[in-house]
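Chemist: One structure, as structure tokens, below. Some questions next.
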Amino acid sequence: MVKVAYFKEEMEIPEGIKVTLDENHHITINGPNGKITKDFSHVRGISVTIEGNKMIFTTHFPKSGTLALINTVINLIRNLIIGVQTNYKYVCKVCYSHFPCTVEVIPDKKEIHVVNFLGERAPRVTNYLDNVKVKVEGDDVFLIGPDKETLGQTAANLRKACRIRKKDPRVFQDGVFLYRIQNGEEIAWEVK
């Protein structure tokens, strides 16, 4: 592989989006749908600057891992910019075959309760993260927010809360499962 002495990558910042950067690699993105702050202090050897409406990522004598890291950071920031322009929507389905279970949202405690799961008396409880709005309509649970990472983690927490132990997983397939990811109204991923 050919060694590169200097690597520079530019990313355009769209109109209506304000991106600020502090000295500890904390990037704050403001847009019409909210404000997100991400910590990129673990990124070493890469300098990030903002000039006008462009973010510039530079490094000297990069290795292949550093180049991959730059592209990862660029894609994460791009996803955050898209998220503050049009919210992401993760849609989960409540599935049951034995006991009809329901999902309730407790906004004061930021908790999601799965009630009557497998006929259990106590509800299964999980928390949802900041910048996530949770709506329940019938058998669908909508997770809406500008940050893909927090939405995915909330969906994973909800699925993990419904984990079934000491029963045959081929028979007991109850749970709350993610089946659609939307970017605004456009469907990005769906189980068919």
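Chain identifiers are assigned as A, B, and so on, following the order in which chains appear in the structure tokens; residues are numbered from 1 within each chain, and ligands are numbered from 1 in order of appearance.
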Quick one: everything within 9 Å of Gln153 of chain A, counting only C-alpha atoms, minus sequence neighbours fewer than 4 positions away in the same chain. Send it as number ranges by chain.
Modeler: A: 128-129, 148-149, 157-158
Chemist: Residues of the last selection are to be written out with C-alpha atoms, as a PDB file, in the first residue's frame.
Modeler:
ATOM      1  CA  TYR A 128     -35.619   4.776  27.172  1.00  0.00           C
ATOM      2  CA  LEU A 129     -32.845   7.285  26.544  1.00  0.00           C
ATOM      3  CA  LYS A 148     -29.960   6.696  15.367  1.00  0.00           C
ATOM      4  CA  GLU A 149     -27.704   5.418  18.143  1.00  0.00           C
ATOM      5  CA  ASN A 157     -33.310  -2.505  25.544  1.00  0.00           C
ATOM      6  CA  LEU A 158     -36.978  -3.189  24.801  1.00  0.00           C
TER       7      LEU A 158
END
Chemist: What parts of chain A does DSSP call strand (DSSP E or B)? I'd like the answer as a VMD selection string.
Modeler: chain A and resid 6 to 12 18 to 21 26 to 31 34 to 39 47 to 51 54 to 60 88 to 95 102 to 106 111 to 115 124 to 127 133 to 137 140 to 145 175 to 183 186 to 190
Chemist: Any idea what's packed within 9 Å of segment 166-175 of chain A, counting only C-alpha atoms, ignoring anything in its chain fewer than 3 positions away? Could you give it as JSON, numbers by chain?
Modeler: {"A": [93, 94, 95, 96, 97, 98, 99, 101, 117, 118, 158, 159, 160, 161, 162, 163]}
Chemist: Write the selection just made, keeping N, CA and C atoms, as a PDB file, in the first residue's frame?
Modeler:
ATOM      1  N   LYS A  93     -42.886  -4.073  16.810  1.00  0.00           N
ATOM      2  CA  LYS A  93     -44.157  -4.783  16.860  1.00  0.00           C
ATOM      3  C   LYS A  93     -44.221  -5.626  18.123  1.00  0.00           C
ATOM      4  N   VAL A  94     -45.348  -5.561  18.829  1.00  0.00           N
ATOM      5  CA  VAL A  94     -45.580  -6.403  20.000  1.00  0.00           C
ATOM      6  C   VAL A  94     -46.178  -7.716  19.492  1.00  0.00           C
ATOM      7  N   CYS A  95     -45.447  -8.828  19.677  1.00  0.00           N
ATOM      8  CA  CYS A  95     -45.877 -10.131  19.186  1.00  0.00           C
ATOM      9  C   CYS A  95     -46.154 -11.049  20.365  1.00  0.00           C
ATOM     10  N   TYR A  96     -47.250 -11.768  20.291  1.00  0.00           N
ATOM     11  CA  TYR A  96     -47.567 -12.740  21.340  1.00  0.00           C
ATOM     12  C   TYR A  96     -48.422 -13.837  20.723  1.00  0.00           C
ATOM     13  N   SER A  97     -48.319 -15.032  21.304  1.00  0.00           N
ATOM     14  CA  SER A  97     -49.152 -16.136  20.846  1.00  0.00           C
ATOM     15  C   SER A  97     -49.900 -16.796  21.990  1.00  0.00           C
ATOM     16  N   HIS A  98     -49.446 -16.613  23.225  1.00  0.00           N
ATOM     17  CA  HIS A  98     -50.073 -17.271  24.361  1.00  0.00           C
ATOM     18  C   HIS A  98     -50.911 -16.305  25.190  1.00  0.00           C
ATOM     19  N   PHE A  99     -50.289 -15.289  25.731  1.00  0.00           N
ATOM     20  CA  PHE A  99     -50.969 -14.326  26.585  1.00  0.00           C
ATOM     21  C   PHE A  99     -50.906 -12.959  25.918  1.00  0.00           C
ATOM     22  N   CYS A 101     -50.171  -9.418  25.526  1.00  0.00           N
ATOM     23  CA  CYS A 101     -49.410  -8.439  26.301  1.00  0.00           C
ATOM     24  C   CYS A 101     -49.536  -7.066  25.650  1.00  0.00           C
ATOM     25  N   PHE A 117     -46.699 -10.019  30.056  1.00  0.00           N
ATOM     26  CA  PHE A 117     -45.814 -10.774  29.161  1.00  0.00           C
ATOM     27  C   PHE A 117     -45.720 -12.210  29.667  1.00  0.00           C
ATOM     28  N   LEU A 118     -46.125 -13.158  28.847  1.00  0.00           N
ATOM     29  CA  LEU A 118     -46.185 -14.588  29.186  1.00  0.00           C
ATOM     30  C   LEU A 118     -47.022 -14.846  30.442  1.00  0.00           C
ATOM     31  N   LEU A 158     -35.606  -2.687  24.773  1.00  0.00           N
ATOM     32  CA  LEU A 158     -36.978  -3.189  24.801  1.00  0.00           C
ATOM     33  C   LEU A 158     -37.021  -4.668  24.436  1.00  0.00           C
ATOM     34  N   ARG A 159     -36.240  -5.052  23.450  1.00  0.00           N
ATOM     35  CA  ARG A 159     -36.204  -6.469  23.067  1.00  0.00           C
ATOM     36  C   ARG A 159     -35.549  -7.311  24.168  1.00  0.00           C
ATOM     37  N   LYS A 160     -34.503  -6.770  24.784  1.00  0.00           N
ATOM     38  CA  LYS A 160     -33.805  -7.505  25.842  1.00  0.00           C
ATOM     39  C   LYS A 160     -34.692  -7.678  27.070  1.00  0.00           C
ATOM     40  N   ALA A 161     -35.549  -6.703  27.349  1.00  0.00           N
ATOM     41  CA  ALA A 161     -36.455  -6.826  28.490  1.00  0.00           C
ATOM     42  C   ALA A 161     -37.435  -7.976  28.297  1.00  0.00           C
ATOM     43  N   CYS A 162     -37.713  -8.321  27.059  1.00  0.00           N
ATOM     44  CA  CYS A 162     -38.660  -9.400  26.757  1.00  0.00           C
ATOM     45  C   CYS A 162     -37.963 -10.730  26.475  1.00  0.00           C
ATOM     46  N   ARG A 163     -36.750 -10.879  26.948  1.00  0.00           N
ATOM     47  CA  ARG A 163     -36.022 -12.128  26.734  1.00  0.00           C
ATOM     48  C   ARG A 163     -36.679 -13.262  27.521  1.00  0.00           C
TER      49      ARG A 163
END
Chemist: Give me, as a count of residues only, all polymer residues having an atom no more than 12 Å from Leu69 of chain A, counting only C-alpha atoms and skipping those fewer than 6 positions away in the same chain.
Modeler: 13
Chemist: Smallest atom-to-atom distance to Val141 of chain A: which of A:Val91, A:Val115, A:Val2, A:Ala188, using only C-alpha atoms?
Modeler: A:Val91
Chemist: If you count only C-alpha atoms, which residues fall within 9 Å of segment 85-89 of chain A, apart from same-chain ones fewer than 6 positions away, as an MDAnalysis selection string?
Modeler: chainID A and resid 16:17 31:34 142:148 151 180:185
Chemist: Please report, as a PyMOL selection string, each residue of segment 49-172 of chain A to which DSSP assigns helix (DSSP H, G or I) when run on this structure's backbone.
Modeler: chain A and resi 64-85+117-119+148-161
Chemist: Using only N, CA and C atoms, please write the residues we just selected to a file, as a short mmCIF file (atom, residue, chain, number, x, y, z; two decimals), in the first residue's frame.
Modeler:
data_model
loop_
_atom_site.label_atom_id
_atom_site.label_comp_id
_atom_site.auth_asym_id
_atom_site.auth_seq_id
_atom_site.Cartn_x
_atom_site.Cartn_y
_atom_site.Cartn_z
N SER A 64 -4.12 2.65 7.76
CA SER A 64 -5.43 2.26 7.22
C SER A 64 -6.52 2.35 8.29
N GLY A 65 -6.18 2.08 9.55
CA GLY A 65 -7.17 2.21 10.62
C GLY A 65 -7.59 3.64 10.84
N THR A 66 -6.67 4.58 10.66
CA THR A 66 -7.01 6.00 10.82
C THR A 66 -7.93 6.46 9.70
N LEU A 67 -7.68 5.99 8.48
CA LEU A 67 -8.55 6.35 7.35
C LEU A 67 -9.96 5.79 7.56
N ALA A 68 -10.04 4.57 8.07
CA ALA A 68 -11.35 3.98 8.35
C ALA A 68 -12.07 4.76 9.45
N LEU A 69 -11.32 5.21 10.44
CA LEU A 69 -11.90 5.98 11.54
C LEU A 69 -12.43 7.32 11.06
N ILE A 70 -11.71 7.97 10.14
CA ILE A 70 -12.19 9.24 9.59
C ILE A 70 -13.52 9.03 8.86
N ASN A 71 -13.61 7.98 8.05
CA ASN A 71 -14.86 7.72 7.33
C ASN A 71 -16.00 7.36 8.27
N THR A 72 -15.69 6.66 9.35
CA THR A 72 -16.71 6.35 10.35
C THR A 72 -17.24 7.61 11.01
N VAL A 73 -16.34 8.51 11.41
CA VAL A 73 -16.75 9.76 12.05
C VAL A 73 -17.57 10.61 11.08
N ILE A 74 -17.17 10.67 9.82
CA ILE A 74 -17.92 11.44 8.82
C ILE A 74 -19.33 10.88 8.67
N ASN A 75 -19.47 9.56 8.60
CA ASN A 75 -20.79 8.96 8.45
C ASN A 75 -21.65 9.17 9.69
N LEU A 76 -21.05 9.11 10.88
CA LEU A 76 -21.81 9.37 12.10
C LEU A 76 -22.34 10.81 12.12
N ILE A 77 -21.49 11.76 11.76
CA ILE A 77 -21.91 13.17 11.73
C ILE A 77 -22.96 13.40 10.65
N ARG A 78 -22.81 12.73 9.50
CA ARG A 78 -23.81 12.85 8.43
C ARG A 78 -25.17 12.33 8.91
N ASN A 79 -25.17 11.20 9.64
CA ASN A 79 -26.42 10.67 10.17
C ASN A 79 -27.04 11.62 11.19
N LEU A 80 -26.21 12.27 12.01
CA LEU A 80 -26.74 13.24 12.97
C LEU A 80 -27.35 14.44 12.26
N ILE A 81 -26.72 14.90 11.19
CA ILE A 81 -27.25 16.04 10.44
C ILE A 81 -28.59 15.68 9.80
N ILE A 82 -28.68 14.48 9.23
CA ILE A 82 -29.95 14.02 8.65
C ILE A 82 -31.00 13.91 9.75
N GLY A 83 -30.60 13.43 10.93
CA GLY A 83 -31.55 13.26 12.03
C GLY A 83 -32.12 14.56 12.55
N VAL A 84 -31.30 15.63 12.63
CA VAL A 84 -31.84 16.90 13.12
C VAL A 84 -32.64 17.62 12.04
N GLN A 85 -32.51 17.19 10.77
CA GLN A 85 -33.35 17.75 9.71
C GLN A 85 -34.70 17.03 9.67
N PHE A 117 -46.70 -10.02 30.06
CA PHE A 117 -45.81 -10.77 29.16
C PHE A 117 -45.72 -12.21 29.67
N LEU A 118 -46.13 -13.16 28.85
CA LEU A 118 -46.18 -14.59 29.19
C LEU A 118 -47.02 -14.85 30.44
N GLY A 119 -47.99 -13.96 30.72
CA GLY A 119 -48.86 -14.13 31.86
C GLY A 119 -48.23 -13.75 33.19
N LYS A 148 -29.80 8.12 15.67
CA LYS A 148 -29.96 6.70 15.37
C LYS A 148 -29.44 5.80 16.49
N GLU A 149 -28.35 6.23 17.11
CA GLU A 149 -27.70 5.42 18.14
C GLU A 149 -28.61 5.23 19.35
N THR A 150 -29.24 6.30 19.82
CA THR A 150 -30.12 6.19 21.00
C THR A 150 -31.40 5.43 20.65
N LEU A 151 -31.90 5.60 19.42
CA LEU A 151 -33.10 4.86 19.02
C LEU A 151 -32.81 3.37 18.95
N GLY A 152 -31.68 3.01 18.37
CA GLY A 152 -31.30 1.60 18.28
C GLY A 152 -31.07 0.99 19.65
N GLN A 153 -30.46 1.75 20.56
CA GLN A 153 -30.22 1.23 21.90
C GLN A 153 -31.53 1.06 22.67
N THR A 154 -32.48 1.99 22.47
CA THR A 154 -33.78 1.85 23.13
C THR A 154 -34.54 0.64 22.60
N ALA A 155 -34.49 0.41 21.27
CA ALA A 155 -35.13 -0.77 20.70
C ALA A 155 -34.48 -2.05 21.21
N ALA A 156 -33.15 -2.04 21.35
CA ALA A 156 -32.45 -3.20 21.88
C ALA A 156 -32.80 -3.44 23.35
N ASN A 157 -32.92 -2.37 24.13
CA ASN A 157 -33.31 -2.51 25.54
C ASN A 157 -34.71 -3.10 25.67
N LEU A 158 -35.61 -2.69 24.77
CA LEU A 158 -36.98 -3.19 24.80
C LEU A 158 -37.02 -4.67 24.44
N ARG A 159 -36.24 -5.05 23.45
CA ARG A 159 -36.20 -6.47 23.07
C ARG A 159 -35.55 -7.31 24.17
N LYS A 160 -34.50 -6.77 24.78
CA LYS A 160 -33.80 -7.51 25.84
C LYS A 160 -34.69 -7.68 27.07
N ALA A 161 -35.55 -6.70 27.35
CA ALA A 161 -36.46 -6.83 28.49
C ALA A 161 -37.44 -7.98 28.30
#
Chemist: Neighbours of segment 7-12 of chain A within 7 Å (only C-alpha atoms; same-chain residues fewer than 2 positions away dropped), as a PDB file with N, CA and C atoms, in the first residue's frame?
Modeler:
ATOM      1  N   VAL A   4       0.608   7.708   2.424  1.00  0.00           N
ATOM      2  CA  VAL A   4       0.088   9.044   2.151  1.00  0.00           C
ATOM      3  C   VAL A   4       0.665   9.973   3.215  1.00  0.00           C
ATOM      4  N   ALA A   5       1.229  11.103   2.773  1.00  0.00           N
ATOM      5  CA  ALA A   5       1.842  12.029   3.720  1.00  0.00           C
ATOM      6  C   ALA A   5       0.803  12.893   4.422  1.00  0.00           C
ATOM      7  N   PRO A  14     -25.190  21.488   5.548  1.00  0.00           N
ATOM      8  CA  PRO A  14     -26.336  22.100   4.866  1.00  0.00           C
ATOM      9  C   PRO A  14     -26.817  23.375   5.564  1.00  0.00           C
ATOM     10  N   ASN A  53     -19.067  26.780   5.798  1.00  0.00           N
ATOM     11  CA  ASN A  53     -20.077  25.727   5.856  1.00  0.00           C
ATOM     12  C   ASN A  53     -19.472  24.357   5.547  1.00  0.00           C
ATOM     13  N   LYS A  54     -18.202  24.164   5.907  1.00  0.00           N
ATOM     14  CA  LYS A  54     -17.530  22.889   5.675  1.00  0.00           C
ATOM     15  C   LYS A  54     -16.833  22.421   6.934  1.00  0.00           C
ATOM     16  N   MET A  55     -16.897  21.118   7.163  1.00  0.00           N
ATOM     17  CA  MET A  55     -16.086  20.481   8.201  1.00  0.00           C
ATOM     18  C   MET A  55     -14.907  19.833   7.507  1.00  0.00           C
ATOM     19  N   ILE A  56     -13.710  20.069   8.035  1.00  0.00           N
ATOM     20  CA  ILE A  56     -12.493  19.563   7.402  1.00  0.00           C
ATOM     21  C   ILE A  56     -11.805  18.610   8.377  1.00  0.00           C
ATOM     22  N   PHE A  57     -11.550  17.392   7.898  1.00  0.00           N
ATOM     23  CA  PHE A  57     -10.877  16.351   8.674  1.00  0.00           C
ATOM     24  C   PHE A  57      -9.499  16.137   8.062  1.00  0.00           C
ATOM     25  N   THR A  58      -8.437  16.310   8.857  1.00  0.00           N
ATOM     26  CA  THR A  58      -7.079  16.155   8.339  1.00  0.00           C
ATOM     27  C   THR A  58      -6.258  15.276   9.274  1.00  0.00           C
ATOM     28  N   THR A  59      -5.243  14.638   8.691  1.00  0.00           N
ATOM     29  CA  THR A  59      -4.291  13.853   9.466  1.00  0.00           C
ATOM     30  C   THR A  59      -2.999  13.723   8.663  1.00  0.00           C
ATOM     31  N   HIS A  60      -1.903  13.509   9.364  1.00  0.00           N
ATOM     32  CA  HIS A  60      -0.602  13.332   8.732  1.00  0.00           C
ATOM     33  C   HIS A  60      -0.171  11.871   8.835  1.00  0.00           C
TER      34      HIS A  60
END
Chemist: Atom CA of Val191 of chain A and atom CA of Val136 of chain A are how many Å apart?
Modeler: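 Interatomic distance here is 19.4 Å.
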Chemist: Restricting the calculation to only C-alpha atoms: of A:Lys192, A:Lys18, A:Lys135, A:Arg124, which residue gets closest to Ile164 of chain A?
Modeler: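 Answer, going by the shortest atom-to-atom distance: A:Arg124.
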